[in-house]
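J.: Sharing a structure with you now.
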Amino acid sequence: MAIGMKDEHRKLLRRLQPEIIKDLDARRVVELMPAIFDDEDSQQINHMILTKVDQARKLIDILVGKGPTAFNSFVEACDVCHPHIARKLRRLSGMPTLSQEESKTDRVDEQTDSGNPTIPVPDEVDPLQNRDANQTTPTLETHL
């Protein structure tokens, strides 16, 4: 017998549903949760419903019927694309909160894993730092 989502998590999602659906990008969340949402779920959420709010509502409706890992997976997906929703769900459910640094690292790792590499940019860039000692700075010559 499969165990469903914890009752307290289900109730929290239902209570916060009006607030969550205002901002939720259901398509993005579904992409981030392939272990929870199957192809049929994805079709119901992304292709049968036209408005973003209705897609988000359908996502929550399906999510509350999923297994015991669905709530945590949803919060982790929200960490990536809706951190304000994730913070509120973590706080109200008693889940540990992510520090800002962990959250940044997770987003960078996720972006790198998804094929969109991130390029570190130094705080200060000195354009002359990598010049050879023999190179001179080009000057603009004026001809009269």
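As shown in the structure tokens, the chain order sets the letters A, B, ...; within each chain, residues go from 1, and ligands are also counted from 1 in the order they appear.
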With a distance cut-off of 9 Å and only C-alpha atoms, select the neighbouring residues of Val30 in chain A, excluding the residue or stretch itself and same-chain residues fewer than 4 positions from it, and output the selection as an NGL selection string.
T.: :A and (25-26 or 34 or 36-38 or 41-42 or 45-46 or 59 or 77)
J.: Using only C-alpha atoms, which residues sit within 10 Å of Cys81 in chain A once same-chain residues fewer than 4 positions away are excluded, as a list in words?
T.: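 So the residues in contact are Leu24, Asp25, Arg28, Val29, Leu32, Glu76, Ala77, Ile85, Ala86 and Arg107 of chain A.
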J.: If I take CA of Val53 in chain A and CA of Met95 in chain A, how far is one from the other in Å, to one decimal?
T.: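 Separation between CA of Val53 in chain A and CA of Met95 in chain A: 26.1 Å.
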J.: Find the residue from A:Lys22, A:Leu92, A:Arg27, A:Gln55 that sits nearest to His9 in chain A; use only C-alpha atoms when measuring.
T.: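 Using only C-alpha atoms, the shortest distance to His9 in chain A belongs to A:Leu92.
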J.: So, with only C-alpha atoms as the atoms that count, which of A:Lys88, A:Lys52, A:Arg15, A:Arg10 lies closest to Pro68 in chain A?
T.: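 Looking at the shortest contact to Pro68 in chain A, the residue is A:Arg10.
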J.: Would you work out the distance separating CA of Met5 in chain A from CA of Lys66 in chain A, expressed in Å to one decimal?
T.: 6.1 Å
